[in-house]
Amino acid sequence: MDTNQVILEVSHLEKSFGSHSVLKDIDFKVKKGDVVSVIGASGSGKSTMLRCINLLETPTKGHIYYQGKDITEPGTNVCAYREKVGMVFQNFNLFNNMNVLENCMAGQIKVAKKAKEEAEKNALHFLEKVDMAAYINAKPRQLSGGQKQRVAIARALAMEPEILLFDEPTSALDPQMVGEVLNVMRTLAKEGLTMIIVTHEMAFAKDISSHVIFMADGVIAEEGNAQQIFETPQKKETKEFLARFRQGI
Amino acid sequence: MISEMNFLERILYILQKYGTSYLKGAGTTLLIALVSTFIGCIIGFLVGIIQTIPVDKTRGKGNRDPFLKRIVLGVVNAVLKIYIEVFRGTPMIVQAVFIYYGMSQLFGIQLGMWQAAFLVVSINTGAYMAESVRGGIISVDPGQMEGAKAIGMNHVQAMTSVILPQAFRNILPQIGNNLIINIKDTSVLSVISIVDLFFVHKSVSGALYTYFESATIVMVIYLSMTLLTSKLLRLWESRMDGDENYELVDVMDIGRQLGTKDKRA
Ligand SMILES: Nc1ncnc2c1ncn2[C@@H]1O[C@H](COP(=O)(O)OP(=O)(O)OP(=O)(O)O)[C@@H](O)[C@H]1O
Ligand SMILES: [Mg+2]
């Protein structure tokens, strides 16, 4: 496997809401198979950055290259791009009008134009992977948070994305359900899926990440491998942030 | 004669003599109400959907919407707004006269009274439904749209398979409301000589001078129609909501289907 292949490059990314500048000059690269964790204080711009990568927010300045192509250029096929770069949300965002199976089939049929049988087979495969195959007939409102999030992951996986973005996938969950979702993500990481994960689960981030980005006030304050960021952070902000977390635990 | 009968006898007498006329009138009323509510809903959905097409208002490079799209949408939305305000802000009885006579005097189009009836009630319902649909769409959690976009759906796909079904469920009670209002309000169409239930009432009571008795009959018929409508709509709503429970599926079966049974066992 070509592990040095840069699959996503964020270059001088800026984002402002009106006069409020939220992201200032964000720069980083993601290689195939990387698991990048993004940590940082609330309001530092982590979600905004992820949403810019998925083009749910329009970047104010800068470029995002996916497989070498600048997807911030007008005329980009945004939908085709999103098919390849999936996203898992804090609040799951499962389709409330569909059951679990339909949730995992809708995108395959409408977007990827797969035949119904193939879509169903594929959906069942990924639902089984997140251990939710038994619940195919349930509606989202009938599931627990952890179950919903696992279905949301299966839905994203069913599109067979190249990169999966996670925005605090366990923050809306009761503590006893966090583990089941993190375990699914661990499996995905082992299988070599490229992921960018915004998280407040520091132990998990340390464990799983090939690269860690620490954000503060809209910039990348420090980055490095898990060892560097969690064991030997260099910047004062990083140290303070991590110290606050250790106290919390 | 009729002046010597008591209340009940008069009602029976009227029913014997004009029962079928009342039924026909009720049929006309129902027909106009049902068809016009249906067409009105279609109008309302179209207008509501157009009004909720997102326009990227960010300035500069990032804006993905071409200038022309923004201009056209702006004009269309302004026209739709005027339509809604005019038809919500004026009585249907005046609209009926306005359209029936206006079409012939302004455009030389001689509408039949049936065409005029369907047209007026549909357009009127459309104006109300447009606002309901817009509200129904806006009230769907924005996360639903983001979830749809995140798996690559475009606006049309997201609307048809995710947002509109939920918006439709949200506004189903209001569709029912409009249907009931239309059953009652078709009575104003007697101004353009539609022989609906109310028209029959006017003719009968005009001929026999039995205002109270005829009104009683008509009240009962209107009420039966509206109560039945409410009941049916409730049933539809609960059917849409589906079961409160779900069946767990035997995972072994799925495993067998996928050929992964051994792994799980
Ligand atoms: N749509 C928006 N309009 C205006 N300001 C916004 C918008 N979205 C985010 N912001 C602002 O951008 C800043 C960064 O928000 P963001 O959600 O990216 O932070 P975060 O790092 O994800 O925080 P958290 O850990 O709490 O999720 C915040 O100050 C927020 O108020
Ligand atoms: Mg966030």
# chains A, B, ... in the order shown; residues from 1 in each chain; ligands from 1

$ residues_around --residues "Asp207 (chain A)" --least-positions-apart "4" --cutoff "10 Å" --atoms "only C-alpha atoms" --output "list of chain:residue names"
A:Arg186, A:Met202, A:Ala203, A:Ala226, A:Gln227

$ write_last_selection --atoms "N, CA and C atoms" --output "short mmCIF file (atom, residue, chain, number, x, y, z; two decimals), in the first residue's frame"
data_model
loop_
_atom_site.label_atom_id
_atom_site.label_comp_id
_atom_site.auth_asym_id
_atom_site.auth_seq_id
_atom_site.Cartn_x
_atom_site.Cartn_y
_atom_site.Cartn_z
N ARG A 186 -12.24 2.26 16.40
CA ARG A 186 -10.94 1.59 16.50
C ARG A 186 -10.79 0.55 15.41
N MET A 202 -9.55 12.14 25.11
CA MET A 202 -8.10 12.23 24.95
C MET A 202 -7.42 10.88 24.95
N ALA A 203 -7.87 9.98 25.83
CA ALA A 203 -7.23 8.66 25.89
C ALA A 203 -7.39 7.95 24.56
N ALA A 226 0.97 11.26 18.21
CA ALA A 226 0.29 11.18 19.50
C ALA A 226 1.27 11.32 20.67
N GLN A 227 2.39 10.66 20.52
CA GLN A 227 3.45 10.71 21.55
C GLN A 227 3.89 12.15 21.80
#

$ closest_atom_pairs --of "chain A" --to "ligand 2" --cutoff "9 Å" --atoms "only C-alpha atoms and all ligand atoms" --output "Markdown table"
| residue | atom | partner | partner_atom_place_in_ligand_line | distance |
| --- | --- | --- | --- | --- |
| A:Ser42 | CA | ligand 2 | 1 (Mg) | 6.9 |
| A:Gly43 | CA | ligand 2 | 1 (Mg) | 7.1 |
| A:Ser44 | CA | ligand 2 | 1 (Mg) | 8.4 |
| A:Gly45 | CA | ligand 2 | 1 (Mg) | 7.0 |
| A:Lys46 | CA | ligand 2 | 1 (Mg) | 5.6 |
| A:Ser47 | CA | ligand 2 | 1 (Mg) | 4.0 |
| A:Thr48 | CA | ligand 2 | 1 (Mg) | 7.1 |
| A:Leu50 | CA | ligand 2 | 1 (Mg) | 8.8 |
| A:Gln90 | CA | ligand 2 | 1 (Mg) | 8.3 |
| A:Asp167 | CA | ligand 2 | 1 (Mg) | 6.6 |
| A:Glu168 | CA | ligand 2 | 1 (Mg) | 6.8 |
| A:Val198 | CA | ligand 2 | 1 (Mg) | 7.6 |
| A:Thr199 | CA | ligand 2 | 1 (Mg) | 8.7 |

$ write_last_selection --atoms "all heavy atoms" --output "CSV table (one decimal), in the first residue's frame"
chain,number,residue,atom,x,y,z
A,42,SER,N,-13.3,24.4,23.5
A,42,SER,CA,-14.6,24.7,22.8
A,42,SER,C,-14.5,26.1,22.2
A,42,SER,O,-13.9,27.0,22.8
A,42,SER,CB,-15.6,24.7,23.9
A,42,SER,OG,-16.9,24.9,23.3
A,43,GLY,N,-15.0,26.2,21.0
A,43,GLY,CA,-14.9,27.5,20.3
A,43,GLY,C,-13.7,27.8,19.5
A,43,GLY,O,-13.5,28.8,18.9
A,44,SER,N,-12.7,26.8,19.5
A,44,SER,CA,-11.5,27.0,18.8
A,44,SER,C,-11.6,26.9,17.3
A,44,SER,O,-10.6,27.1,16.6
A,44,SER,CB,-10.4,26.1,19.4
A,44,SER,OG,-10.8,24.8,19.3
A,45,GLY,N,-12.7,26.3,16.9
A,45,GLY,CA,-13.0,26.3,15.4
A,45,GLY,C,-12.8,24.9,14.8
A,45,GLY,O,-12.8,24.7,13.6
A,46,LYS,N,-12.9,23.8,15.7
A,46,LYS,CA,-12.7,22.5,15.2
A,46,LYS,C,-13.8,22.0,14.3
A,46,LYS,O,-13.6,21.5,13.2
A,46,LYS,CB,-12.6,21.5,16.4
A,46,LYS,CG,-11.6,21.9,17.4
A,46,LYS,CD,-11.5,20.9,18.6
A,46,LYS,CE,-12.8,20.8,19.4
A,46,LYS,NZ,-13.1,22.0,20.2
A,47,SER,N,-15.1,22.3,14.7
A,47,SER,CA,-16.2,21.9,13.9
A,47,SER,C,-16.2,22.7,12.6
A,47,SER,O,-16.5,22.1,11.5
A,47,SER,CB,-17.5,22.1,14.7
A,47,SER,OG,-17.6,21.4,15.8
A,48,THR,N,-16.0,24.0,12.7
A,48,THR,CA,-16.0,24.8,11.5
A,48,THR,C,-15.0,24.3,10.5
A,48,THR,O,-15.3,24.2,9.3
A,48,THR,CB,-15.6,26.3,11.9
A,48,THR,OG1,-16.5,26.7,12.9
A,48,THR,CG2,-15.8,27.2,10.7
A,50,LEU,N,-13.9,21.2,10.1
A,50,LEU,CA,-14.4,19.9,9.6
A,50,LEU,C,-15.5,20.2,8.6
A,50,LEU,O,-15.6,19.6,7.5
A,50,LEU,CB,-14.9,19.1,10.7
A,50,LEU,CG,-14.6,17.6,10.6
A,50,LEU,CD1,-13.2,17.3,10.4
A,50,LEU,CD2,-15.1,16.9,11.9
A,90,GLN,N,-22.1,14.9,15.5
A,90,GLN,CA,-22.4,14.8,17.0
A,90,GLN,C,-23.8,14.3,17.3
A,90,GLN,O,-24.1,13.5,18.1
A,90,GLN,CB,-22.1,16.1,17.6
A,90,GLN,CG,-22.2,16.1,19.1
A,90,GLN,CD,-21.8,17.4,19.7
A,90,GLN,OE1,-21.2,18.3,19.0
A,90,GLN,NE2,-22.0,17.6,21.0
A,167,ASP,N,-17.3,14.5,13.8
A,167,ASP,CA,-17.3,15.7,14.6
A,167,ASP,C,-17.9,15.3,16.0
A,167,ASP,O,-19.1,15.2,16.2
A,167,ASP,CB,-18.2,16.8,14.0
A,167,ASP,CG,-18.0,18.1,14.8
A,167,ASP,OD1,-17.2,18.2,15.7
A,167,ASP,OD2,-18.7,19.1,14.4
A,168,GLU,N,-17.0,15.1,17.0
A,168,GLU,CA,-17.3,14.7,18.3
A,168,GLU,C,-18.4,13.7,18.3
A,168,GLU,O,-19.5,13.9,18.8
A,168,GLU,CB,-17.8,16.0,19.1
A,168,GLU,CG,-16.8,17.0,19.2
A,168,GLU,CD,-17.1,18.1,20.2
A,168,GLU,OE1,-17.7,17.7,21.2
A,168,GLU,OE2,-16.6,19.2,20.1
A,198,VAL,N,-12.6,14.9,15.3
A,198,VAL,CA,-12.6,15.9,16.3
A,198,VAL,C,-13.2,15.3,17.6
A,198,VAL,O,-14.2,14.7,17.5
A,198,VAL,CB,-13.6,17.1,15.9
A,198,VAL,CG1,-13.7,18.0,17.1
A,198,VAL,CG2,-13.0,17.8,14.7
A,199,THR,N,-12.4,15.3,18.6
A,199,THR,CA,-12.9,14.6,19.8
A,199,THR,C,-12.4,15.2,21.1
A,199,THR,O,-11.4,16.0,21.1
A,199,THR,CB,-12.4,13.1,19.8
A,199,THR,OG1,-12.9,12.4,20.9
A,199,THR,CG2,-10.9,13.0,19.8

$ residues_around --residues "Met113 (chain B)" --least-positions-apart "6" --cutoff "9 Å" --atoms "only C-alpha atoms" --output "list in words"
Tyr100, Ile192, Ser193 and Ile194 of chain B

$ write_last_selection --atoms "N, CA, C and O atoms" --output "PDB file, in the first residue's frame"
ATOM      1  N   TYR B 100     -64.233  35.081 -11.625  1.00  0.00           N
ATOM      2  CA  TYR B 100     -65.261  34.655 -12.573  1.00  0.00           C
ATOM      3  C   TYR B 100     -65.537  35.763 -13.591  1.00  0.00           C
ATOM      4  O   TYR B 100     -65.536  35.541 -14.800  1.00  0.00           O
ATOM      5  N   ILE B 192     -71.562  32.235  -7.455  1.00  0.00           N
ATOM      6  CA  ILE B 192     -71.417  32.011  -8.897  1.00  0.00           C
ATOM      7  C   ILE B 192     -72.275  30.825  -9.325  1.00  0.00           C
ATOM      8  O   ILE B 192     -71.954  30.116 -10.274  1.00  0.00           O
ATOM      9  N   SER B 193     -73.367  30.630  -8.593  1.00  0.00           N
ATOM     10  CA  SER B 193     -74.419  29.677  -8.973  1.00  0.00           C
ATOM     11  C   SER B 193     -74.008  28.216  -8.977  1.00  0.00           C
ATOM     12  O   SER B 193     -74.567  27.415  -9.713  1.00  0.00           O
ATOM     13  N   ILE B 194     -73.000  27.864  -8.174  1.00  0.00           N
ATOM     14  CA  ILE B 194     -72.694  26.445  -8.009  1.00  0.00           C
ATOM     15  C   ILE B 194     -73.768  25.833  -7.118  1.00  0.00           C
ATOM     16  O   ILE B 194     -74.067  26.360  -6.047  1.00  0.00           O
TER      17      ILE B 194
END

$ interface_residues --of "chain A" --to "chain B" --cutoff "9 Å" --atoms "only C-alpha atoms" --output "PyMOL selection string"
chain A and resi 54+56+58-61+72-75+78-89+91-98+106-108+110-112+121+124-125+128+133-139+142+155-156+159

$ residues_around --residues "Asp70 (chain A)" --least-positions-apart "2" --cutoff "12 Å" --atoms "only C-alpha atoms" --output "list in words"
Ile7, Leu8, Glu9, Val10, Ser11, Ile53, Leu55, Gly62, His63, Ile64, Tyr65, Tyr66, Gln67, Gly68, Thr72, Glu73, Pro74, Gly75, Thr76, Asn77, Val78 and Tyr81 of chain A

$ write_last_selection --atoms "N, CA and C atoms" --output "PDB file, in the first residue's frame"
ATOM      1  N   ILE A   7      -3.787  12.517   0.453  1.00  0.00           N
ATOM      2  CA  ILE A   7      -5.129  12.389  -0.105  1.00  0.00           C
ATOM      3  C   ILE A   7      -5.900  13.697   0.069  1.00  0.00           C
ATOM      4  N   LEU A   8      -5.574  14.418   1.151  1.00  0.00           N
ATOM      5  CA  LEU A   8      -6.264  15.680   1.400  1.00  0.00           C
ATOM      6  C   LEU A   8      -5.254  16.715   1.862  1.00  0.00           C
ATOM      7  N   GLU A   9      -5.341  17.891   1.267  1.00  0.00           N
ATOM      8  CA  GLU A   9      -4.450  18.956   1.712  1.00  0.00           C
ATOM      9  C   GLU A   9      -5.258  20.224   1.954  1.00  0.00           C
ATOM     10  N   VAL A  10      -5.149  20.727   3.172  1.00  0.00           N
ATOM     11  CA  VAL A  10      -5.815  21.981   3.516  1.00  0.00           C
ATOM     12  C   VAL A  10      -4.742  23.061   3.492  1.00  0.00           C
ATOM     13  N   SER A  11      -5.004  24.118   2.712  1.00  0.00           N
ATOM     14  CA  SER A  11      -3.948  25.085   2.497  1.00  0.00           C
ATOM     15  C   SER A  11      -4.448  26.508   2.743  1.00  0.00           C
ATOM     16  N   ILE A  53     -14.105  21.376   5.365  1.00  0.00           N
ATOM     17  CA  ILE A  53     -13.543  20.274   4.570  1.00  0.00           C
ATOM     18  C   ILE A  53     -14.659  19.559   3.815  1.00  0.00           C
ATOM     19  N   LEU A  55     -17.352  20.984   2.935  1.00  0.00           N
ATOM     20  CA  LEU A  55     -18.048  22.051   2.197  1.00  0.00           C
ATOM     21  C   LEU A  55     -19.466  22.305   2.704  1.00  0.00           C
ATOM     22  N   GLY A  62      -8.485  30.465   0.910  1.00  0.00           N
ATOM     23  CA  GLY A  62      -7.658  29.272   0.965  1.00  0.00           C
ATOM     24  C   GLY A  62      -8.150  28.169   0.063  1.00  0.00           C
ATOM     25  N   HIS A  63      -7.474  27.042   0.138  1.00  0.00           N
ATOM     26  CA  HIS A  63      -7.771  25.936  -0.777  1.00  0.00           C
ATOM     27  C   HIS A  63      -7.834  24.626  -0.026  1.00  0.00           C
ATOM     28  N   ILE A  64      -8.623  23.715  -0.564  1.00  0.00           N
ATOM     29  CA  ILE A  64      -8.655  22.351  -0.048  1.00  0.00           C
ATOM     30  C   ILE A  64      -8.467  21.443  -1.250  1.00  0.00           C
ATOM     31  N   TYR A  65      -7.398  20.662  -1.212  1.00  0.00           N
ATOM     32  CA  TYR A  65      -7.133  19.764  -2.338  1.00  0.00           C
ATOM     33  C   TYR A  65      -7.493  18.353  -1.935  1.00  0.00           C
ATOM     34  N   TYR A  66      -8.363  17.739  -2.746  1.00  0.00           N
ATOM     35  CA  TYR A  66      -8.669  16.328  -2.537  1.00  0.00           C
ATOM     36  C   TYR A  66      -8.126  15.563  -3.737  1.00  0.00           C
ATOM     37  N   GLN A  67      -7.284  14.609  -3.507  1.00  0.00           N
ATOM     38  CA  GLN A  67      -6.605  13.868  -4.569  1.00  0.00           C
ATOM     39  C   GLN A  67      -5.977  14.842  -5.570  1.00  0.00           C
ATOM     40  N   GLY A  68      -5.440  15.938  -5.048  1.00  0.00           N
ATOM     41  CA  GLY A  68      -4.746  16.898  -5.905  1.00  0.00           C
ATOM     42  C   GLY A  68      -5.641  17.936  -6.562  1.00  0.00           C
ATOM     43  N   THR A  72     -12.357  23.784  -3.678  1.00  0.00           N
ATOM     44  CA  THR A  72     -12.987  25.074  -3.377  1.00  0.00           C
ATOM     45  C   THR A  72     -13.237  25.869  -4.655  1.00  0.00           C
ATOM     46  N   GLU A  73     -12.709  25.367  -5.772  1.00  0.00           N
ATOM     47  CA  GLU A  73     -12.945  26.044  -7.053  1.00  0.00           C
ATOM     48  C   GLU A  73     -14.428  25.974  -7.413  1.00  0.00           C
ATOM     49  N   PRO A  74     -14.970  27.071  -7.954  1.00  0.00           N
ATOM     50  CA  PRO A  74     -16.349  26.988  -8.437  1.00  0.00           C
ATOM     51  C   PRO A  74     -16.422  25.945  -9.552  1.00  0.00           C
ATOM     52  N   GLY A  75     -17.552  25.276  -9.664  1.00  0.00           N
ATOM     53  CA  GLY A  75     -17.664  24.262 -10.697  1.00  0.00           C
ATOM     54  C   GLY A  75     -17.295  22.874 -10.211  1.00  0.00           C
ATOM     55  N   THR A  76     -16.801  22.788  -8.946  1.00  0.00           N
ATOM     56  CA  THR A  76     -16.545  21.469  -8.375  1.00  0.00           C
ATOM     57  C   THR A  76     -17.858  20.718  -8.196  1.00  0.00           C
ATOM     58  N   ASN A  77     -17.866  19.441  -8.502  1.00  0.00           N
ATOM     59  CA  ASN A  77     -19.038  18.627  -8.225  1.00  0.00           C
ATOM     60  C   ASN A  77     -19.047  18.271  -6.730  1.00  0.00           C
ATOM     61  N   VAL A  78     -19.714  19.134  -5.979  1.00  0.00           N
ATOM     62  CA  VAL A  78     -19.680  19.016  -4.519  1.00  0.00           C
ATOM     63  C   VAL A  78     -20.248  17.682  -4.054  1.00  0.00           C
ATOM     64  N   TYR A  81     -17.906  14.847  -4.527  1.00  0.00           N
ATOM     65  CA  TYR A  81     -16.832  14.961  -3.536  1.00  0.00           C
ATOM     66  C   TYR A  81     -17.298  14.451  -2.166  1.00  0.00           C
TER      67      TYR A  81
END

$ closest_residue --among "A:Gly145, A:Gly218, A:Pro161, A:Gly224" --to "Lys24 (chain A)" --atoms "only C-alpha atoms"
A:Gly218

$ atom_distance --atom1 "CA of Phe126 (chain A)" --atom2 "CA of Ala172 (chain A)"
22.4 Å

$ residues_around --residues "Leu73 (chain B)" --least-positions-apart "2" --cutoff "9 Å" --atoms "only C-alpha atoms" --output "list in words"
Ile50, Gln51, Ile53, Val55, Leu68, Lys69, Arg70, Ile71, Val75, Val76, Asn77 and Ala78 of chain B

$ write_last_selection --atoms "N, CA and C atoms" --output "mmCIF file, in the first residue's frame"
data_model
loop_
_atom_site.group_PDB
_atom_site.id
_atom_site.type_symbol
_atom_site.label_atom_id
_atom_site.label_comp_id
_atom_site.auth_asym_id
_atom_site.auth_seq_id
_atom_site.Cartn_x
_atom_site.Cartn_y
_atom_site.Cartn_z
ATOM 1 N N ILE B 50 -40.195 26.206 -3.683
ATOM 2 C CA ILE B 50 -39.428 27.264 -4.345
ATOM 3 C C ILE B 50 -38.935 28.280 -3.316
ATOM 4 N N GLN B 51 -39.826 28.597 -2.374
ATOM 5 C CA GLN B 51 -39.445 29.609 -1.382
ATOM 6 C C GLN B 51 -38.328 29.161 -0.460
ATOM 7 N N ILE B 53 -35.720 27.239 -1.505
ATOM 8 C CA ILE B 53 -34.469 26.947 -2.212
ATOM 9 C C ILE B 53 -33.369 27.830 -1.617
ATOM 10 N N VAL B 55 -30.213 30.124 -1.090
ATOM 11 C CA VAL B 55 -29.366 30.964 -1.937
ATOM 12 C C VAL B 55 -28.136 31.321 -1.132
ATOM 13 N N LEU B 68 -27.318 34.967 -12.100
ATOM 14 C CA LEU B 68 -28.625 34.818 -12.738
ATOM 15 C C LEU B 68 -29.594 34.055 -11.842
ATOM 16 N N LYS B 69 -29.104 32.984 -11.234
ATOM 17 C CA LYS B 69 -29.963 32.177 -10.370
ATOM 18 C C LYS B 69 -30.524 33.019 -9.231
ATOM 19 N N ARG B 70 -29.630 33.854 -8.662
ATOM 20 C CA ARG B 70 -30.066 34.666 -7.521
ATOM 21 C C ARG B 70 -31.122 35.677 -7.944
ATOM 22 N N ILE B 71 -30.927 36.293 -9.138
ATOM 23 C CA ILE B 71 -31.890 37.280 -9.628
ATOM 24 C C ILE B 71 -33.249 36.621 -9.903
ATOM 25 N N VAL B 75 -36.870 37.382 -8.004
ATOM 26 C CA VAL B 75 -38.096 37.852 -8.660
ATOM 27 C C VAL B 75 -39.246 36.879 -8.411
ATOM 28 N N VAL B 76 -38.967 35.593 -8.640
ATOM 29 C CA VAL B 76 -40.008 34.579 -8.455
ATOM 30 C C VAL B 76 -40.548 34.619 -7.027
ATOM 31 N N ASN B 77 -39.632 34.711 -6.059
ATOM 32 C CA ASN B 77 -40.069 34.736 -4.668
ATOM 33 C C ASN B 77 -40.931 35.956 -4.359
ATOM 34 N N ALA B 78 -40.590 37.094 -4.964
ATOM 35 C CA ALA B 78 -41.385 38.301 -4.737
ATOM 36 C C ALA B 78 -42.802 38.107 -5.282
#

$ residues_around --residues "region 80-87 of chain B" --least-positions-apart "5" --cutoff "12 Å" --atoms "only C-alpha atoms" --output "PyMOL selection string"
chain B and resi 43-44+46-52+73-75+92-96+98-99+120-132+134

$ closest_residue --among "B:Val195, B:Val35, B:Met103, B:Ile138" --to "Asn178 (chain B)" --atoms "only C-alpha atoms"
B:Val35

$ atom_distance --atom1 "CA of Met195 (chain A)" --atom2 "CA of Val35 (chain A)"
4.8 Å

$ closest_residue --among "A:Thr194, A:Glu180, A:Asp217, A:Ile109" --to "ligand 1" --atoms "only C-alpha atoms and all ligand atoms"
A:Asp217

$ select_by_dssp --residues "region 5-241 of chain A" --states "alpha helix (DSSP H)" --output "count of residues only"
88
